[in-house]
Amino acid sequence: MSIASRVTARRLLGTGAAALALCAASATTAFATGTPGGDGWSSGGSYKPGTGAGTETGTDRCQFSLDGTNFYDSVKVDDQNLKPSEDGKVHVKVRTAGDAATCTASLASYLAHGATFATSGEQVFVDFDTVTVKPGATDSLDIAIPDKGCFGQIDLYRGAVKFDGELDAKDGFEHGELPKGPDRPVIKDKLIAAWNGGTKECTTPPPAQEEPPASTPPASPSEPAEETTPPTPPASPSEPAEETTP
């Protein structure tokens, strides 16, 4: 279980069943408001190795696998395309390397304004996961990524900092600024590997379509007024009989 999942689990203790279900659902997707969530990847495709928000350096504490079987150091991972699964997520297995006592690594995904870090501008946070692995154990970094075709960036790096721009968040994580290419390489020398790709701008949500006004049902024809019989005029008083002279 990743650190992100464990932190969420600790916070859920003592809550009701309804709250547990709601928080668990929200913990699986950490999308920024309005960002895509991995549609279209079931038809194939991948992100290519590229540049990220820092200077790539090797790691002697972690090894990584994109297929769950063959583990390599960061240089080998950086040579491989990152292929999302049909659910629009990527999965990177992590284990300790050599005689390391522990290793911590994170994976983050972003929408970008271009297909490389140099053209990415200020990126839009999509998802994040982090793990700390002990000797003999294997864990997995699992994150959602932008929809297929959208400019995006994925960074694999050492440490557990969440570079999402939420510097005041109180959620148990250390937060950092959003990456911004090319002048804000926030991950710096902790970057292990990066992948870029995409062919179109998706950082701005499409304008909401206005729903047509609800049609007003035609007014029902008015019912004809009931025919009424005019009232019979009162009978005129009888005229007094003429007096006769005896």
# chains A, B, ... in the order shown; residues from 1 in each chain; ligands from 1
$ residues_around --residues "range 186-200 of chain A" --least-positions-apart "5" --cutoff "8 Å" --atoms "only C-alpha atoms" --output "PyMOL selection string"
chain A and resi 46-59+74-75+77-78+81-82+114-117+148-159+163+176-180
$ write_last_selection --atoms "C-alpha atoms" --output "tab-separated table (two decimals), in the first residue's frame"
chain	number	residue	atom	x	y	z
A	46	SER	CA	2.38	5.81	-24.87
A	47	TYR	CA	4.42	8.68	-23.48
A	48	LYS	CA	7.99	8.85	-24.71
A	49	PRO	CA	11.07	9.42	-22.53
A	50	GLY	CA	11.80	13.13	-22.34
A	51	THR	CA	12.78	15.96	-20.07
A	52	GLY	CA	11.21	16.79	-16.73
A	53	ALA	CA	11.16	19.37	-13.98
A	54	GLY	CA	14.76	18.81	-12.93
A	55	THR	CA	18.07	17.16	-13.80
A	56	GLU	CA	17.92	13.40	-14.10
A	57	THR	CA	20.24	11.55	-11.73
A	58	GLY	CA	20.72	7.89	-10.99
A	59	THR	CA	19.47	6.25	-7.83
A	74	SER	CA	16.53	4.75	-13.49
A	75	VAL	CA	18.59	4.88	-16.68
A	77	VAL	CA	13.44	3.04	-17.07
A	78	ASP	CA	14.18	6.33	-18.82
A	81	ASN	CA	8.01	4.28	-23.21
A	82	LEU	CA	5.42	4.60	-20.48
A	114	GLY	CA	3.32	21.65	-24.98
A	115	ALA	CA	4.84	18.27	-25.75
A	116	THR	CA	8.18	18.96	-24.00
A	117	PHE	CA	9.15	20.44	-20.66
A	148	LYS	CA	-4.85	10.38	-24.84
A	149	GLY	CA	-3.62	13.12	-27.18
A	150	CYS	CA	-3.47	15.83	-24.52
A	151	PHE	CA	-0.11	17.48	-23.86
A	152	GLY	CA	1.13	15.93	-20.63
A	153	GLN	CA	4.12	15.18	-18.46
A	154	ILE	CA	4.88	12.38	-16.00
A	155	ASP	CA	7.74	12.61	-13.50
A	156	LEU	CA	9.35	9.83	-11.47
A	157	TYR	CA	11.49	11.18	-8.64
A	158	ARG	CA	12.99	10.52	-5.22
A	159	GLY	CA	11.26	11.66	-2.06
A	163	PHE	CA	4.42	19.23	-6.43
A	176	GLY	CA	5.82	22.08	-3.55
A	177	GLU	CA	5.19	24.47	-6.39
A	178	LEU	CA	3.82	23.31	-9.71
A	179	PRO	CA	6.40	22.58	-12.43
A	180	LYS	CA	6.67	25.33	-15.03
$ residues_around --residues "His175 in chain A" --least-positions-apart "6" --cutoff "12 Å" --atoms "only C-alpha atoms" --output "list in words"
Phe128, Gly159, Ala160, Val161, Lys162, Phe163, Asp164, Gly165, Glu166, Leu167, Asp168, Ala169, Val186 and Ile187 of chain A
$ write_last_selection --atoms "C-alpha atoms" --output "compact mmCIF listing (two decimals), in the first residue's frame"
# COMPACT_ATOMS: atom_id res chain seq x y z
CA PHE A 128 0.22 11.67 -7.60
CA GLY A 159 11.26 11.66 -2.06
CA ALA A 160 7.61 12.20 -1.21
CA VAL A 161 7.01 15.88 -2.03
CA LYS A 162 3.74 16.51 -3.84
CA PHE A 163 4.42 19.23 -6.43
CA ASP A 164 0.84 20.40 -6.90
CA GLY A 165 1.02 24.07 -5.89
CA GLU A 166 -1.17 23.50 -2.81
CA LEU A 167 1.37 24.92 -0.38
CA ASP A 168 -1.17 25.47 2.40
CA ALA A 169 -2.80 22.04 2.22
CA VAL A 186 10.93 22.19 -9.08
CA ILE A 187 12.07 18.57 -8.76
$ closest_residue --among "A:Gly37, A:Lys93, A:Gln123, A:Ser140" --to "Thr69 in chain A" --atoms "only C-alpha atoms"
A:Lys93
$ residues_around --residues "Val92 in chain A" --least-positions-apart "3" --cutoff "8 Å" --atoms "only C-alpha atoms" --output "list in words"
Phe64, Ser65, Leu66, Asp67, Gly68, Ser140, Leu141 and Asp142 of chain A
$ atom_distance --atom1 "CA of Gly38 in chain A" --atom2 "CA of Asp87 in chain A"
7.0 Å
$ decode --residues "range 101-138 of chain A" --atoms "N, CA, C and O atoms" --output "PDB file, in the first residue's frame"
ATOM      1  N   ALA A 101      18.550   0.250   2.928  1.00  0.00           N
ATOM      2  CA  ALA A 101      17.655   0.001   4.050  1.00  0.00           C
ATOM      3  C   ALA A 101      16.208   0.336   3.698  1.00  0.00           C
ATOM      4  O   ALA A 101      15.272  -0.287   4.202  1.00  0.00           O
ATOM      5  N   THR A 102      16.024   1.305   2.852  1.00  0.00           N
ATOM      6  CA  THR A 102      14.687   1.716   2.430  1.00  0.00           C
ATOM      7  C   THR A 102      14.825   2.607   1.212  1.00  0.00           C
ATOM      8  O   THR A 102      15.912   3.121   0.920  1.00  0.00           O
ATOM      9  N   CYS A 103      13.746   2.783   0.485  1.00  0.00           N
ATOM     10  CA  CYS A 103      13.757   3.748  -0.623  1.00  0.00           C
ATOM     11  C   CYS A 103      12.384   4.375  -0.756  1.00  0.00           C
ATOM     12  O   CYS A 103      11.365   3.726  -0.510  1.00  0.00           O
ATOM     13  N   THR A 104      12.361   5.644  -1.111  1.00  0.00           N
ATOM     14  CA  THR A 104      11.113   6.382  -1.288  1.00  0.00           C
ATOM     15  C   THR A 104      11.106   7.002  -2.679  1.00  0.00           C
ATOM     16  O   THR A 104      12.076   7.646  -3.086  1.00  0.00           O
ATOM     17  N   ALA A 105      10.025   6.799  -3.391  1.00  0.00           N
ATOM     18  CA  ALA A 105       9.894   7.357  -4.741  1.00  0.00           C
ATOM     19  C   ALA A 105       8.466   7.819  -4.963  1.00  0.00           C
ATOM     20  O   ALA A 105       7.526   7.338  -4.311  1.00  0.00           O
ATOM     21  N   SER A 106       8.298   8.759  -5.880  1.00  0.00           N
ATOM     22  CA  SER A 106       6.980   9.313  -6.190  1.00  0.00           C
ATOM     23  C   SER A 106       6.791   9.401  -7.697  1.00  0.00           C
ATOM     24  O   SER A 106       7.759   9.481  -8.459  1.00  0.00           O
ATOM     25  N   LEU A 107       5.536   9.407  -8.096  1.00  0.00           N
ATOM     26  CA  LEU A 107       5.165   9.534  -9.502  1.00  0.00           C
ATOM     27  C   LEU A 107       4.044  10.554  -9.589  1.00  0.00           C
ATOM     28  O   LEU A 107       3.073  10.491  -8.823  1.00  0.00           O
ATOM     29  N   ALA A 108       4.176  11.519 -10.494  1.00  0.00           N
ATOM     30  CA  ALA A 108       3.171  12.572 -10.626  1.00  0.00           C
ATOM     31  C   ALA A 108       2.871  12.818 -12.089  1.00  0.00           C
ATOM     32  O   ALA A 108       3.749  12.684 -12.952  1.00  0.00           O
ATOM     33  N   SER A 109       1.630  13.179 -12.377  1.00  0.00           N
ATOM     34  CA  SER A 109       1.229  13.468 -13.753  1.00  0.00           C
ATOM     35  C   SER A 109       0.605  14.855 -13.847  1.00  0.00           C
ATOM     36  O   SER A 109      -0.027  15.335 -12.893  1.00  0.00           O
ATOM     37  N   TYR A 110       0.788  15.476 -15.016  1.00  0.00           N
ATOM     38  CA  TYR A 110       0.325  16.847 -15.231  1.00  0.00           C
ATOM     39  C   TYR A 110      -0.172  17.029 -16.656  1.00  0.00           C
ATOM     40  O   TYR A 110       0.313  16.390 -17.588  1.00  0.00           O
ATOM     41  N   LEU A 111      -1.126  17.934 -16.818  1.00  0.00           N
ATOM     42  CA  LEU A 111      -1.442  18.494 -18.128  1.00  0.00           C
ATOM     43  C   LEU A 111      -0.423  19.584 -18.420  1.00  0.00           C
ATOM     44  O   LEU A 111       0.022  20.282 -17.508  1.00  0.00           O
ATOM     45  N   ALA A 112      -0.049  19.729 -19.676  1.00  0.00           N
ATOM     46  CA  ALA A 112       0.941  20.735 -20.041  1.00  0.00           C
ATOM     47  C   ALA A 112       0.449  21.512 -21.250  1.00  0.00           C
ATOM     48  O   ALA A 112      -0.549  21.164 -21.880  1.00  0.00           O
ATOM     49  N   HIS A 113       1.195  22.582 -21.564  1.00  0.00           N
ATOM     50  CA  HIS A 113       0.838  23.424 -22.710  1.00  0.00           C
ATOM     51  C   HIS A 113       1.623  23.051 -23.962  1.00  0.00           C
ATOM     52  O   HIS A 113       1.409  23.644 -25.019  1.00  0.00           O
ATOM     53  N   GLY A 114       2.529  22.088 -23.840  1.00  0.00           N
ATOM     54  CA  GLY A 114       3.318  21.654 -24.980  1.00  0.00           C
ATOM     55  C   GLY A 114       3.824  20.250 -24.757  1.00  0.00           C
ATOM     56  O   GLY A 114       3.690  19.682 -23.668  1.00  0.00           O
ATOM     57  N   ALA A 115       4.429  19.673 -25.787  1.00  0.00           N
ATOM     58  CA  ALA A 115       4.835  18.271 -25.748  1.00  0.00           C
ATOM     59  C   ALA A 115       6.190  18.042 -25.087  1.00  0.00           C
ATOM     60  O   ALA A 115       6.603  16.899 -24.941  1.00  0.00           O
ATOM     61  N   THR A 116       6.895  19.097 -24.689  1.00  0.00           N
ATOM     62  CA  THR A 116       8.181  18.958 -23.998  1.00  0.00           C
ATOM     63  C   THR A 116       8.154  19.826 -22.752  1.00  0.00           C
ATOM     64  O   THR A 116       7.301  20.725 -22.626  1.00  0.00           O
ATOM     65  N   PHE A 117       9.105  19.603 -21.847  1.00  0.00           N
ATOM     66  CA  PHE A 117       9.149  20.441 -20.655  1.00  0.00           C
ATOM     67  C   PHE A 117       9.416  21.901 -21.029  1.00  0.00           C
ATOM     68  O   PHE A 117       8.862  22.819 -20.426  1.00  0.00           O
ATOM     69  N   ALA A 118      10.251  22.123 -22.044  1.00  0.00           N
ATOM     70  CA  ALA A 118      10.576  23.491 -22.453  1.00  0.00           C
ATOM     71  C   ALA A 118       9.351  24.249 -22.935  1.00  0.00           C
ATOM     72  O   ALA A 118       9.300  25.482 -22.843  1.00  0.00           O
ATOM     73  N   THR A 119       8.344  23.543 -23.443  1.00  0.00           N
ATOM     74  CA  THR A 119       7.133  24.209 -23.954  1.00  0.00           C
ATOM     75  C   THR A 119       5.917  23.969 -23.060  1.00  0.00           C
ATOM     76  O   THR A 119       4.803  24.310 -23.435  1.00  0.00           O
ATOM     77  N   SER A 120       6.148  23.397 -21.880  1.00  0.00           N
ATOM     78  CA  SER A 120       5.013  22.964 -21.048  1.00  0.00           C
ATOM     79  C   SER A 120       4.321  24.102 -20.318  1.00  0.00           C
ATOM     80  O   SER A 120       3.163  23.967 -19.920  1.00  0.00           O
ATOM     81  N   GLY A 121       5.003  25.236 -20.095  1.00  0.00           N
ATOM     82  CA  GLY A 121       4.407  26.311 -19.314  1.00  0.00           C
ATOM     83  C   GLY A 121       4.104  25.835 -17.900  1.00  0.00           C
ATOM     84  O   GLY A 121       4.654  24.840 -17.430  1.00  0.00           O
ATOM     85  N   GLU A 122       3.238  26.556 -17.194  1.00  0.00           N
ATOM     86  CA  GLU A 122       2.852  26.098 -15.863  1.00  0.00           C
ATOM     87  C   GLU A 122       1.895  24.931 -16.013  1.00  0.00           C
ATOM     88  O   GLU A 122       0.826  25.057 -16.600  1.00  0.00           O
ATOM     89  N   GLN A 123       2.296  23.803 -15.467  1.00  0.00           N
ATOM     90  CA  GLN A 123       1.525  22.588 -15.658  1.00  0.00           C
ATOM     91  C   GLN A 123       0.331  22.527 -14.707  1.00  0.00           C
ATOM     92  O   GLN A 123       0.274  23.242 -13.707  1.00  0.00           O
ATOM     93  N   VAL A 124      -0.631  21.676 -15.055  1.00  0.00           N
ATOM     94  CA  VAL A 124      -1.851  21.503 -14.263  1.00  0.00           C
ATOM     95  C   VAL A 124      -1.805  20.118 -13.623  1.00  0.00           C
ATOM     96  O   VAL A 124      -1.728  19.101 -14.320  1.00  0.00           O
ATOM     97  N   PHE A 125      -1.830  20.079 -12.311  1.00  0.00           N
ATOM     98  CA  PHE A 125      -1.733  18.817 -11.569  1.00  0.00           C
ATOM     99  C   PHE A 125      -2.895  17.882 -11.909  1.00  0.00           C
ATOM    100  O   PHE A 125      -4.048  18.286 -11.971  1.00  0.00           O
ATOM    101  N   VAL A 126      -2.560  16.611 -12.118  1.00  0.00           N
ATOM    102  CA  VAL A 126      -3.575  15.594 -12.392  1.00  0.00           C
ATOM    103  C   VAL A 126      -3.608  14.540 -11.290  1.00  0.00           C
ATOM    104  O   VAL A 126      -4.631  14.332 -10.657  1.00  0.00           O
ATOM    105  N   ASP A 127      -2.468  13.868 -11.024  1.00  0.00           N
ATOM    106  CA  ASP A 127      -2.493  12.794 -10.033  1.00  0.00           C
ATOM    107  C   ASP A 127      -1.089  12.556  -9.472  1.00  0.00           C
ATOM    108  O   ASP A 127      -0.094  12.986 -10.067  1.00  0.00           O
ATOM    109  N   PHE A 128      -1.047  11.849  -8.330  1.00  0.00           N
ATOM    110  CA  PHE A 128       0.218  11.668  -7.604  1.00  0.00           C
ATOM    111  C   PHE A 128       0.130  10.418  -6.749  1.00  0.00           C
ATOM    112  O   PHE A 128      -0.929  10.067  -6.230  1.00  0.00           O
ATOM    113  N   ASP A 129       1.265   9.734  -6.607  1.00  0.00           N
ATOM    114  CA  ASP A 129       1.353   8.625  -5.677  1.00  0.00           C
ATOM    115  C   ASP A 129       2.793   8.541  -5.178  1.00  0.00           C
ATOM    116  O   ASP A 129       3.731   8.953  -5.879  1.00  0.00           O
ATOM    117  N   THR A 130       2.977   8.036  -3.981  1.00  0.00           N
ATOM    118  CA  THR A 130       4.316   7.900  -3.414  1.00  0.00           C
ATOM    119  C   THR A 130       4.389   6.625  -2.588  1.00  0.00           C
ATOM    120  O   THR A 130       3.378   6.194  -1.996  1.00  0.00           O
ATOM    121  N   VAL A 131       5.560   5.981  -2.560  1.00  0.00           N
ATOM    122  CA  VAL A 131       5.746   4.764  -1.781  1.00  0.00           C
ATOM    123  C   VAL A 131       7.092   4.814  -1.071  1.00  0.00           C
ATOM    124  O   VAL A 131       8.052   5.415  -1.565  1.00  0.00           O
ATOM    125  N   THR A 132       7.152   4.195   0.082  1.00  0.00           N
ATOM    126  CA  THR A 132       8.402   3.934   0.785  1.00  0.00           C
ATOM    127  C   THR A 132       8.505   2.428   0.945  1.00  0.00           C
ATOM    128  O   THR A 132       7.612   1.802   1.537  1.00  0.00           O
ATOM    129  N   VAL A 133       9.568   1.852   0.404  1.00  0.00           N
ATOM    130  CA  VAL A 133       9.694   0.396   0.334  1.00  0.00           C
ATOM    131  C   VAL A 133      10.852  -0.071   1.209  1.00  0.00           C
ATOM    132  O   VAL A 133      11.938   0.515   1.178  1.00  0.00           O
ATOM    133  N   LYS A 134      10.618  -1.125   1.950  1.00  0.00           N
ATOM    134  CA  LYS A 134      11.655  -1.723   2.801  1.00  0.00           C
ATOM    135  C   LYS A 134      12.316  -2.890   2.067  1.00  0.00           C
ATOM    136  O   LYS A 134      11.785  -3.395   1.083  1.00  0.00           O
ATOM    137  N   PRO A 135      13.471  -3.324   2.527  1.00  0.00           N
ATOM    138  CA  PRO A 135      14.173  -4.436   1.872  1.00  0.00           C
ATOM    139  C   PRO A 135      13.290  -5.676   1.726  1.00  0.00           C
ATOM    140  O   PRO A 135      12.557  -6.045   2.651  1.00  0.00           O
ATOM    141  N   GLY A 136      13.330  -6.277   0.552  1.00  0.00           N
ATOM    142  CA  GLY A 136      12.558  -7.492   0.302  1.00  0.00           C
ATOM    143  C   GLY A 136      11.122  -7.243  -0.093  1.00  0.00           C
ATOM    144  O   GLY A 136      10.405  -8.174  -0.450  1.00  0.00           O
ATOM    145  N   ALA A 137      10.673  -5.995  -0.038  1.00  0.00           N
ATOM    146  CA  ALA A 137       9.282  -5.679  -0.375  1.00  0.00           C
ATOM    147  C   ALA A 137       9.199  -5.025  -1.747  1.00  0.00           C
ATOM    148  O   ALA A 137      10.173  -4.473  -2.257  1.00  0.00           O
ATOM    149  N   THR A 138       8.019  -5.107  -2.336  1.00  0.00           N
ATOM    150  CA  THR A 138       7.739  -4.454  -3.616  1.00  0.00           C
ATOM    151  C   THR A 138       6.426  -3.702  -3.481  1.00  0.00           C
ATOM    152  O   THR A 138       5.473  -4.213  -2.899  1.00  0.00           O
TER     153      THR A 138
END
